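Participant: Data: structure_0.cif, mmCIF, C-alpha atoms.
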data_entry
loop_
_atom_site.label_atom_id
_atom_site.label_comp_id
_atom_site.auth_asym_id
_atom_site.auth_seq_id
_atom_site.Cartn_x
_atom_site.Cartn_y
_atom_site.Cartn_z
CA MET A 1 111.03 152.64 115.75
CA HIS A 2 111.99 152.76 119.41
CA SER A 3 109.34 152.53 122.10
CA ALA A 4 108.33 155.90 123.52
CA ASP A 5 109.76 155.16 126.96
CA LYS A 6 113.27 154.42 125.72
CA THR A 7 115.89 157.04 125.07
CA ALA A 8 118.39 156.62 122.27
CA ARG A 9 121.12 156.06 124.86
CA THR A 10 119.16 153.27 126.52
CA GLU A 11 118.42 151.62 123.19
CA ILE A 12 122.08 151.79 122.16
CA CYS A 13 123.14 150.24 125.45
CA ASP A 14 120.48 147.52 125.16
CA GLN A 15 121.61 146.58 121.66
CA ALA A 16 125.28 146.69 122.61
CA LEU A 17 124.60 144.36 125.54
CA ARG A 18 122.77 141.94 123.26
CA LEU A 19 125.54 141.98 120.65
CA PHE A 20 128.36 141.80 123.22
CA ALA A 21 126.68 138.80 124.87
CA ALA A 22 126.19 137.03 121.55
CA ASN A 23 129.56 137.74 119.93
CA GLY A 24 131.93 139.13 122.55
CA PRO A 25 132.68 142.86 122.75
CA ASP A 26 135.90 142.55 120.76
CA ASN A 27 133.93 141.21 117.79
CA VAL A 28 131.31 143.97 117.71
CA SER A 29 131.87 147.34 116.04
CA LEU A 30 130.25 150.66 116.85
CA ARG A 31 128.72 150.57 113.39
CA GLN A 32 127.03 147.24 114.17
CA VAL A 33 125.67 148.59 117.44
CA ALA A 34 124.39 151.72 115.68
CA ALA A 35 122.65 149.63 113.01
CA ALA A 36 120.99 147.43 115.63
CA ALA A 37 119.82 150.49 117.56
CA GLU A 38 118.72 152.20 114.34
CA VAL A 39 120.85 155.28 115.00
CA SER A 40 123.92 156.79 113.39
CA PRO A 41 127.42 155.77 114.52
CA SER A 42 128.03 159.43 115.40
CA LEU A 43 125.17 159.30 117.92
CA VAL A 44 126.80 156.30 119.61
CA VAL A 45 130.04 158.29 119.85
CA HIS A 46 128.09 161.31 121.10
CA HIS A 47 126.57 159.31 123.98
CA PHE A 48 129.51 157.08 124.90
CA GLY A 49 132.63 158.71 123.48
CA GLY A 50 133.67 155.57 121.62
CA LYS A 51 133.94 151.81 122.02
CA ALA A 52 135.64 151.93 125.43
CA GLY A 53 132.91 154.13 126.88
CA LEU A 54 130.18 151.95 125.42
CA ARG A 55 131.85 148.85 126.80
CA GLU A 56 132.08 150.44 130.25
CA ALA A 57 128.38 151.39 130.13
CA VAL A 58 127.36 147.85 129.15
CA ASN A 59 129.53 146.39 131.91
CA GLU A 60 127.96 148.75 134.43
CA ARG A 61 124.47 147.74 133.27
CA SER A 62 125.30 144.07 133.84
CA LEU A 63 126.89 144.85 137.19
CA ALA A 64 123.78 146.79 138.23
CA ALA A 65 121.63 143.75 137.42
CA PHE A 66 124.02 141.56 139.41
CA ARG A 67 123.84 143.95 142.39
CA ARG A 68 120.03 143.80 142.31
CA PHE A 69 120.30 140.01 142.29
CA VAL A 70 122.59 140.07 145.34
CA GLU A 71 120.12 142.32 147.16
CA SER A 72 117.36 139.82 146.36
CA VAL A 73 119.21 136.92 148.01
CA VAL A 74 120.43 138.78 151.09
CA PRO A 75 117.67 138.85 153.73
CA ALA A 76 116.75 142.25 155.12
CA GLY A 77 118.66 142.95 158.31
CA ALA A 78 120.99 140.00 157.81
CA GLY A 79 124.08 142.17 157.61
CA GLY A 80 125.19 140.66 154.30
CA GLU A 81 124.42 137.08 155.23
CA ALA A 82 123.28 135.22 152.12
CA VAL A 83 120.73 132.46 151.98
CA ASP A 84 122.67 129.60 150.41
CA ASP A 85 120.28 128.06 147.91
CA PHE A 86 122.53 127.36 144.93
CA LEU A 87 123.13 130.87 143.68
CA PRO A 88 123.31 129.99 139.94
CA ARG A 89 119.73 128.73 140.06
CA ARG A 90 118.64 131.87 141.88
CA LEU A 91 120.45 134.11 139.37
CA VAL A 92 118.74 132.46 136.39
CA ALA A 93 115.35 132.72 138.08
CA PHE A 94 116.00 136.38 138.87
CA LEU A 95 116.78 137.41 135.28
CA PRO A 96 114.22 137.52 132.45
CA THR A 97 114.29 134.33 130.37
CA ASP A 98 115.71 136.00 127.26
CA SER A 99 118.06 138.38 129.08
CA PRO A 100 121.58 138.64 127.62
CA VAL A 101 122.84 139.76 131.03
CA LEU A 102 123.72 136.24 132.19
CA VAL A 103 125.82 135.56 129.09
CA HIS A 104 127.55 138.91 129.48
CA LEU A 105 128.23 138.29 133.18
CA CYS A 106 129.85 134.98 132.24
CA ARG A 107 131.99 136.72 129.62
CA LEU A 108 133.08 139.23 132.27
CA LEU A 109 133.96 136.44 134.70
CA MET A 110 136.24 134.88 132.09
CA SER A 111 137.94 138.20 131.38
CA ASP A 112 140.47 140.22 133.32
CA GLU A 113 138.20 143.27 133.36
CA PRO A 114 137.49 145.03 136.66
CA ALA A 115 133.80 144.18 136.30
CA GLY A 116 134.58 140.45 136.23
CA ARG A 117 136.73 140.75 139.33
CA GLN A 118 133.92 142.60 141.10
CA ILE A 119 131.46 139.80 140.35
CA PHE A 120 133.84 137.13 141.60
CA ARG A 121 134.67 139.07 144.79
CA ARG A 122 131.02 139.66 145.60
CA TRP A 123 130.14 135.99 145.03
CA HIS A 124 133.03 135.04 147.29
CA GLU A 125 131.70 137.43 149.94
CA LEU A 126 128.31 135.72 149.78
CA LYS A 127 129.98 132.36 150.36
CA LEU A 128 132.00 133.78 153.26
CA ALA A 129 128.77 135.09 154.79
CA TRP A 130 127.15 131.71 154.36
CA LEU A 131 130.09 129.95 156.05
CA ASP A 132 129.73 132.34 158.97
CA ALA A 133 125.99 131.65 159.12
CA VAL A 134 126.48 127.88 159.31
CA ALA A 135 129.53 128.03 161.57
CA GLY A 136 127.72 126.08 164.28
CA THR A 137 126.72 123.22 161.98
CA ALA A 138 129.58 123.03 159.45
CA ARG A 139 132.98 121.51 160.14
CA PRO A 140 135.48 124.28 160.86
CA GLY A 141 138.06 124.89 158.17
CA GLU A 142 141.60 126.10 158.57
CA ASP A 143 141.29 128.59 155.73
CA ARG A 144 137.85 130.20 155.66
CA SER A 145 138.63 132.36 152.61
CA LEU A 146 139.96 129.43 150.59
CA ARG A 147 136.92 127.33 151.51
CA ALA A 148 134.65 130.15 150.31
CA ALA A 149 136.69 130.41 147.10
CA TRP A 150 136.25 126.67 146.51
CA LEU A 151 132.49 127.00 146.93
CA THR A 152 132.47 130.03 144.63
CA VAL A 153 134.38 128.25 141.88
CA ASN A 154 132.10 125.21 142.06
CA GLU A 155 128.98 127.33 141.69
CA LEU A 156 130.38 129.55 138.95
CA ALA A 157 131.51 126.49 137.00
CA VAL A 158 127.86 125.69 136.30
CA LEU A 159 127.39 129.11 134.72
CA LEU A 160 130.64 129.07 132.79
CA GLN A 161 130.29 125.49 131.53
CA ARG A 162 126.58 125.75 130.84
CA HIS A 163 126.79 124.73 127.18
CA GLN A 164 129.10 121.78 127.87
CA LEU A 165 126.80 120.57 130.62
CA ARG A 166 123.77 120.98 128.39
CA GLY A 167 125.33 118.64 125.83
CA PHE A 168 126.25 116.11 128.52
CA LEU A 169 122.98 116.22 130.45
CA GLY A 170 120.69 116.66 127.48
CA ARG A 171 119.06 119.61 129.25
CA ASP A 172 120.05 123.06 130.34
CA PRO A 173 121.73 122.72 133.77
CA LEU A 174 120.15 126.05 134.73
CA ASP A 175 116.64 124.83 133.99
CA PRO A 176 114.92 125.04 137.41
CA GLU A 177 114.32 121.29 137.69
CA VAL A 178 117.86 120.31 136.64
CA ALA A 179 119.40 123.06 138.77
CA ALA A 180 117.46 121.80 141.79
CA ARG A 181 118.85 118.29 141.21
CA TRP A 182 122.36 119.72 140.76
CA ALA A 183 122.00 121.62 144.03
CA ARG A 184 120.92 118.43 145.85
CA VAL A 185 123.92 116.53 144.49
CA GLY A 186 126.19 119.37 145.53
CA ALA A 187 124.68 119.41 149.02
CA ASP A 188 125.24 115.65 149.31
CA VAL A 189 128.89 116.00 148.28
CA TYR A 190 129.43 118.95 150.63
CA ARG A 191 127.85 117.03 153.49
CA ASP A 192 129.13 113.48 152.93
CA GLY A 193 132.04 113.70 150.52
CA ILE A 194 132.58 111.27 147.65
CA ARG A 195 134.35 108.31 149.22
CA ALA A 196 132.44 105.74 151.18
CA GLU A 197 133.65 105.07 154.70
CA ILE A 198 135.73 101.92 154.89
CA PRO A 199 134.84 99.79 157.93
#
Could you render the structure from this file as structure tokens?
Facilitator:
Amino acid sequence: MHSADKTARTEICDQALRLFAANGPDNVSLRQVAAAAEVSPSLVVHHFGGKAGLREAVNERSLAAFRRFVESVVPAGAGGEAVDDFLPRRLVAFLPTDSPVLVHLCRLLMSDEPAGRQIFRRWHELKLAWLDAVAGTARPGEDRSLRAAWLTVNELAVLLQRHQLRGFLGRDPLDPEVAARWARVGADVYRDGIRAEIP
């Protein structure tokens, strides 16, 4: 039975998000979503009009969670200026431990869907804002947008390669302790580079 505070539509969307995150939306049928939500397939169609509508609703739910995350890292009155504190670590801390949203966001980032492009653009905007905020202490770059894109790709790589990194490191790279170490290494590289200075 569904909890009293959940509508059938909400439950369907919740179960679709969970299944899409676990298996990919292309590998999940409306019938599977209906079974997980304990409703009839016709009720899924009634609420969402079909697979495309359900997929759009799930994407919007993940995007809404991402927007709330962005609001949580942008200080009030900062005009969009983000606090740069290794955004992947902040995102994982922001979401509930067992939330499928992170997995679904990663799937969107690897797709060519509009939702994935929105996530990437917003992350890039946060990096642009950070570059502006540290303009007095960071070395100037010729191409501000490209520099922000480089920072974006490096941060998102941790999310997208999470399982590979887990096997290599022996621990989840998004575990708070490991993520903090990763952020320190990244800060060292950003500040000092890799190569030692040759006298």
Participant: Contacts of Cys13 (chain A) at 9 Å or less, counting all atoms listed in the file, minus same-chain residues fewer than 2 places along, as a list in words?
Facilitator: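 The residues satisfying every condition are Ala8, Arg9, Thr10, Glu11, Gln15, Ala16, Leu17, Arg18, Val33, Ala37, Leu54, Arg55, Ala57, Val58 and Arg61 of chain A.
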Participant: Please, could you write that set of residues out with C-alpha atoms as an mmCIF file, in the frame of the given file?
Facilitator:
data_model
loop_
_atom_site.group_PDB
_atom_site.id
_atom_site.type_symbol
_atom_site.label_atom_id
_atom_site.label_comp_id
_atom_site.auth_asym_id
_atom_site.auth_seq_id
_atom_site.Cartn_x
_atom_site.Cartn_y
_atom_site.Cartn_z
ATOM 1 C CA ALA A 8 118.390 156.620 122.270
ATOM 2 C CA ARG A 9 121.120 156.060 124.860
ATOM 3 C CA THR A 10 119.160 153.270 126.520
ATOM 4 C CA GLU A 11 118.420 151.620 123.190
ATOM 5 C CA GLN A 15 121.610 146.580 121.660
ATOM 6 C CA ALA A 16 125.280 146.690 122.610
ATOM 7 C CA LEU A 17 124.600 144.360 125.540
ATOM 8 C CA ARG A 18 122.770 141.940 123.260
ATOM 9 C CA VAL A 33 125.670 148.590 117.440
ATOM 10 C CA ALA A 37 119.820 150.490 117.560
ATOM 11 C CA LEU A 54 130.180 151.950 125.420
ATOM 12 C CA ARG A 55 131.850 148.850 126.800
ATOM 13 C CA ALA A 57 128.380 151.390 130.130
ATOM 14 C CA VAL A 58 127.360 147.850 129.150
ATOM 15 C CA ARG A 61 124.470 147.740 133.270
#
Participant: Find the residues near Val70 (chain A): any atom within 9 Å, counting only C-alpha atoms, skip ones fewer than 6 places away on the same chain, and give them as a list in words.
Facilitator: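 The neighbour list is Ala82, Leu91, Arg122, Trp123 and Leu126 of chain A.
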Participant: Please enumerate the residues selected by the PyMOL selection byres ((chain A and resi 67) around 12) when evaluated against the supplied file, formatted as a ChimeraX atom specification.
Facilitator: /A:60-66,68-74,91,94-95,105,115,118-119,122-123,126
Participant: Pick from A:Phe86, A:Ala157, A:Asp132, A:Arg117: nearest to Gly186 (chain A), with all atoms listed in the file counted?
Facilitator: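 Among the listed residues, the smallest separation from Gly186 (chain A) belongs to A:Phe86.
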Participant: Quick check on the file I pasted: which residues fall under the PyMOL selection byres ((chain A and resi 160) around 9)? Write them as a count of residues only.
Facilitator: 13
Participant: Would you work out the distance separating CA of Ala22 (chain A) from CA of His46 (chain A), expressed in Å to one decimal?
Facilitator: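 One can read the CA of Ala22 (chain A) to CA of His46 (chain A) distance as 24.4 Å.
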Participant: Running the PyMOL selection byres ((chain A and resi 44) around 9) on this model by hand, what would come out? Give it as a ChimeraX atom specification.
Facilitator: /A:8-9,12,30-31,33-34,39-43,45-51,54
Participant: Would you compute the distance between CA of Trp150 (chain A) and CA of Trp130 (chain A)? Give it in Å to one decimal.
Facilitator: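 Between CA of Trp150 (chain A) and CA of Trp130 (chain A) the gap works out to 13.0 Å.
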Participant: Could you tell me how far CA of Pro88 (chain A) lies from CA of His124 (chain A), in Å and to one decimal?
Facilitator: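 These atoms are spaced 13.2 Å apart.
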Participant: Could you pull the residues within 10 Å of Arg144 (chain A), counting all atoms listed in the file, minus those fewer than 3 positions along the same chain, as a ChimeraX atom specification?
Facilitator: /A:127-128,131-132,140-141,147-150
